[in-house]
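Reading through the structure tokens given below for one structure.
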Amino acid sequence: MKLYTSVGPNPHVVRMFLAEKNIELPIEKIDIRAGDNRKPPYLTDVNSRGQSPALEIDDGSHICEITAICEYLEEKHPSPALIGSNPEQRAETRMWVRRLDLGICEPMANGFRASEGYEMFKDRFRVLPEAADGLKAIAQDNLAWLNNDLGSRQFICGDRFTLADILLYCFVGFAAKVGQPMNPEHTQIVAWFARVSQRDSAA
Ligand SMILES: N[C@@H](CCC(=O)N[C@@H](CS)C(=O)NCC(=O)O)C(=O)O
């Protein structure tokens, strides 16, 4: 296997997932700022969507989309379980990944692409500068809901550290550096973020 990776929260999710599993893979870095992901050979031979990351597997084909990559790695290396070791745990993790992805990560990332990231993305796909503030507000609304829902849970799925934590950690950490800081009033999320930051994989 080999990982194509770059700057950005999506490849960060896969690298942190690999670190938690203690898997080391050959790495090829793609310069997405220069747009190398949007032209051959990456676009033609690796990911026709032109995005990072991508996992090259042993038959020479490529798996793209971070949740598909992490699911594949979990099946190949089940321990430690980061999605789940039984159907109930896996369903709970997938439920949270979907909630976080749709409600927080996507609007957060699209809010960035439509404002601070506009110059980089405007000629790659349709971005909506007029929607930037609303997208960021949607992410914050869902973070406020999550802050309340988290209660005293240690991690998103209770006492299990999972892909859901990794996903949210990478996106919240990225967003904080590009104009979407963590709201200090979201005390549960701030405490959760500090907890996850202490893990070896966060380094
Ligand atoms: N849905 C994709 C999103 C991948 C994505 O947006 N990657 C970003 C880096 S965080 C990227 O490649 N950006 C450069 C570009 O789109 O040209 C996934 O799950 O992997």
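Chain labels A, B, ... are given in the sequence in which chains occur in the structure tokens; within each chain residues are numbered consecutively from 1, and ligands are likewise numbered from 1 in the order shown.
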- Message: Please find the residues contacting ligand 1 at a distance of at most 7 Å between atoms, with only C-alpha atoms and all ligand atoms counted, and report them as a ChimeraX atom specification.
- Response: /A:6-11,32,35,37-38,50-53,64-67,121,124
Write the residues of the preceding selection, restricted to N, CA and C atoms, as a PDB file, in the first residue's frame.
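Saved to again.pdb:
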ATOM      1  N   SER A   6      -1.270  15.189   1.430  1.00  0.00           N
ATOM      2  CA  SER A   6      -1.006  16.618   1.187  1.00  0.00           C
ATOM      3  C   SER A   6      -1.368  17.387   2.438  1.00  0.00           C
ATOM      4  N   VAL A   7      -1.256  18.712   2.340  1.00  0.00           N
ATOM      5  CA  VAL A   7      -1.830  19.542   3.392  1.00  0.00           C
ATOM      6  C   VAL A   7      -3.350  19.389   3.345  1.00  0.00           C
ATOM      7  N   GLY A   8      -4.018  19.809   4.443  1.00  0.00           N
ATOM      8  CA  GLY A   8      -5.478  19.787   4.465  1.00  0.00           C
ATOM      9  C   GLY A   8      -6.019  18.767   5.443  1.00  0.00           C
ATOM     10  N   PRO A   9      -7.239  18.999   5.910  1.00  0.00           N
ATOM     11  CA  PRO A   9      -7.816  18.142   6.959  1.00  0.00           C
ATOM     12  C   PRO A   9      -8.143  16.722   6.513  1.00  0.00           C
ATOM     13  N   ASN A  10      -8.501  16.534   5.237  1.00  0.00           N
ATOM     14  CA  ASN A  10      -8.876  15.181   4.799  1.00  0.00           C
ATOM     15  C   ASN A  10      -7.700  14.203   4.873  1.00  0.00           C
ATOM     16  N   PRO A  11      -6.559  14.537   4.252  1.00  0.00           N
ATOM     17  CA  PRO A  11      -5.423  13.616   4.406  1.00  0.00           C
ATOM     18  C   PRO A  11      -4.949  13.488   5.848  1.00  0.00           C
ATOM     19  N   ILE A  32      -1.059  20.266  -3.408  1.00  0.00           N
ATOM     20  CA  ILE A  32      -2.408  20.698  -3.839  1.00  0.00           C
ATOM     21  C   ILE A  32      -2.481  22.213  -4.007  1.00  0.00           C
ATOM     22  N   GLY A  35      -1.744  22.750  -7.347  1.00  0.00           N
ATOM     23  CA  GLY A  35      -2.744  22.140  -8.230  1.00  0.00           C
ATOM     24  C   GLY A  35      -2.299  20.845  -8.890  1.00  0.00           C
ATOM     25  N   ASN A  37      -2.759  17.994  -7.995  1.00  0.00           N
ATOM     26  CA  ASN A  37      -3.846  17.010  -7.873  1.00  0.00           C
ATOM     27  C   ASN A  37      -4.890  17.149  -8.973  1.00  0.00           C
ATOM     28  N   ARG A  38      -4.838  18.271  -9.677  1.00  0.00           N
ATOM     29  CA  ARG A  38      -5.870  18.556 -10.679  1.00  0.00           C
ATOM     30  C   ARG A  38      -5.375  18.321 -12.094  1.00  0.00           C
ATOM     31  N   GLY A  50      -9.654  14.314  -8.500  1.00  0.00           N
ATOM     32  CA  GLY A  50      -8.618  15.324  -8.304  1.00  0.00           C
ATOM     33  C   GLY A  50      -8.467  15.803  -6.880  1.00  0.00           C
ATOM     34  N   GLN A  51      -8.703  14.913  -5.908  1.00  0.00           N
ATOM     35  CA  GLN A  51      -8.577  15.330  -4.509  1.00  0.00           C
ATOM     36  C   GLN A  51      -7.624  14.426  -3.750  1.00  0.00           C
ATOM     37  N   SER A  52      -7.161  14.941  -2.642  1.00  0.00           N
ATOM     38  CA  SER A  52      -6.240  14.227  -1.769  1.00  0.00           C
ATOM     39  C   SER A  52      -6.960  13.917  -0.460  1.00  0.00           C
ATOM     40  N   PRO A  53      -6.781  12.766   0.155  1.00  0.00           N
ATOM     41  CA  PRO A  53      -5.778  11.751  -0.126  1.00  0.00           C
ATOM     42  C   PRO A  53      -6.298  10.657  -1.056  1.00  0.00           C
ATOM     43  N   CYS A  64     -10.291   6.170  -2.800  1.00  0.00           N
ATOM     44  CA  CYS A  64     -10.367   7.585  -2.450  1.00  0.00           C
ATOM     45  C   CYS A  64     -11.576   7.775  -1.533  1.00  0.00           C
ATOM     46  N   GLU A  65     -11.698   8.962  -0.981  1.00  0.00           N
ATOM     47  CA  GLU A  65     -12.724   9.324   0.015  1.00  0.00           C
ATOM     48  C   GLU A  65     -12.283   8.763   1.369  1.00  0.00           C
ATOM     49  N   ILE A  66     -12.106   9.689   2.300  1.00  0.00           N
ATOM     50  CA  ILE A  66     -11.435   9.305   3.548  1.00  0.00           C
ATOM     51  C   ILE A  66     -12.171   8.239   4.348  1.00  0.00           C
ATOM     52  N   THR A  67     -13.492   8.273   4.357  1.00  0.00           N
ATOM     53  CA  THR A  67     -14.172   7.256   5.163  1.00  0.00           C
ATOM     54  C   THR A  67     -14.009   5.873   4.520  1.00  0.00           C
ATOM     55  N   PHE A 121      -9.445  27.972  -4.800  1.00  0.00           N
ATOM     56  CA  PHE A 121     -10.448  27.021  -5.299  1.00  0.00           C
ATOM     57  C   PHE A 121     -11.320  27.538  -6.437  1.00  0.00           C
ATOM     58  N   ARG A 124     -11.283  25.762  -9.656  1.00  0.00           N
ATOM     59  CA  ARG A 124     -11.264  24.287  -9.606  1.00  0.00           C
ATOM     60  C   ARG A 124     -12.669  23.703  -9.647  1.00  0.00           C
TER      61      ARG A 124
END
- Go through A:Gly151, A:Pro87, A:Pro26, A:Pro107 one by one, measure the shortest atom-to-atom distance of each to Leu55 of chain A using only C-alpha atoms, and give the residue with the smallest value.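 The closest residue to Leu55 of chain A is A:Pro26.
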With a distance cut-off of 12 Å and only C-alpha atoms, select the neighbouring residues of Lys21 of chain A, excluding the residue or stretch itself and same-chain residues fewer than 2 positions from it, and output the selection as a PDB file with C-alpha atoms, in the first residue's frame.
ATOM      1  CA  VAL A  14      -6.094   9.267   7.261  1.00  0.00           C
ATOM      2  CA  ARG A  15      -2.603   9.936   8.639  1.00  0.00           C
ATOM      3  CA  MET A  16      -3.948  10.148  12.195  1.00  0.00           C
ATOM      4  CA  PHE A  17      -5.985   6.980  11.664  1.00  0.00           C
ATOM      5  CA  LEU A  18      -2.831   5.195  10.471  1.00  0.00           C
ATOM      6  CA  ALA A  19      -0.864   6.510  13.461  1.00  0.00           C
ATOM      7  CA  ILE A  23       0.682   1.363  10.485  1.00  0.00           C
ATOM      8  CA  GLU A  24       3.531   2.885   8.511  1.00  0.00           C
ATOM      9  CA  LEU A  25       3.060   3.285   4.781  1.00  0.00           C
ATOM     10  CA  CYS A  70     -10.396   4.273   6.839  1.00  0.00           C
ATOM     11  CA  LEU A  73      -7.730   0.009   6.713  1.00  0.00           C
ATOM     12  CA  GLU A  74      -9.931  -1.102   9.614  1.00  0.00           C
ATOM     13  CA  GLU A  75     -10.888  -4.288   7.762  1.00  0.00           C
ATOM     14  CA  LYS A  76      -7.269  -5.041   6.945  1.00  0.00           C
ATOM     15  CA  HIS A  77      -6.019  -4.106  10.423  1.00  0.00           C
ATOM     16  CA  PRO A  78      -8.919  -4.592  12.842  1.00  0.00           C
ATOM     17  CA  SER A  79      -6.946  -3.877  15.985  1.00  0.00           C
ATOM     18  CA  PRO A  80      -7.100  -1.444  17.668  1.00  0.00           C
ATOM     19  CA  ALA A  81     -10.685  -0.956  16.529  1.00  0.00           C
ATOM     20  CA  LEU A  82     -11.321   2.641  15.512  1.00  0.00           C
ATOM     21  CA  ILE A  83     -14.692   2.009  13.907  1.00  0.00           C
ATOM     22  CA  PHE A 161     -11.886   6.685  20.781  1.00  0.00           C
ATOM     23  CA  THR A 162     -12.978   6.318  17.151  1.00  0.00           C
ATOM     24  CA  LEU A 163     -12.804   7.601  13.611  1.00  0.00           C
ATOM     25  CA  ASP A 200       0.512  10.421  20.322  1.00  0.00           C
ATOM     26  CA  SER A 201      -1.305  10.316  16.981  1.00  0.00           C
TER      27      SER A 201
END
Distance table requested - segment 61-170 of chain A against segment 177-192 of chain A, cut-off 8 Å, only C-alpha atoms: one row per qualifying residue with the closest atom pair and its distance in Å to one decimal, ordered by chain and rising residue number, as JSON lines.
{"residue": "A:Met108", "atom": "CA", "partner": "A:Gln180", "partner_atom": "CA", "distance": 7.9}
{"residue": "A:Phe112", "atom": "CA", "partner": "A:Val178", "partner_atom": "CA", "distance": 7.3}
{"residue": "A:Glu116", "atom": "CA", "partner": "A:Val178", "partner_atom": "CA", "distance": 6.9}
{"residue": "A:Lys136", "atom": "CA", "partner": "A:Gln180", "partner_atom": "CA", "distance": 7.5}
{"residue": "A:Leu143", "atom": "CA", "partner": "A:His186", "partner_atom": "CA", "distance": 7.8}
{"residue": "A:Ala144", "atom": "CA", "partner": "A:His186", "partner_atom": "CA", "distance": 6.6}
{"residue": "A:Leu146", "atom": "CA", "partner": "A:Ile189", "partner_atom": "CA", "distance": 7.9}
{"residue": "A:Asn147", "atom": "CA", "partner": "A:Gln188", "partner_atom": "CA", "distance": 5.4}
{"residue": "A:Asn148", "atom": "CA", "partner": "A:Gln188", "partner_atom": "CA", "distance": 7.6}
{"residue": "A:Leu150", "atom": "CA", "partner": "A:Gln188", "partner_atom": "CA", "distance": 6.7}
{"residue": "A:Gly151", "atom": "CA", "partner": "A:Gln188", "partner_atom": "CA", "distance": 6.9}
{"residue": "A:Ser152", "atom": "CA", "partner": "A:Gln188", "partner_atom": "CA", "distance": 7.7}
{"residue": "A:Gln154", "atom": "CA", "partner": "A:Trp192", "partner_atom": "CA", "distance": 6.8}
{"residue": "A:Phe155", "atom": "CA", "partner": "A:Trp192", "partner_atom": "CA", "distance": 6.9}
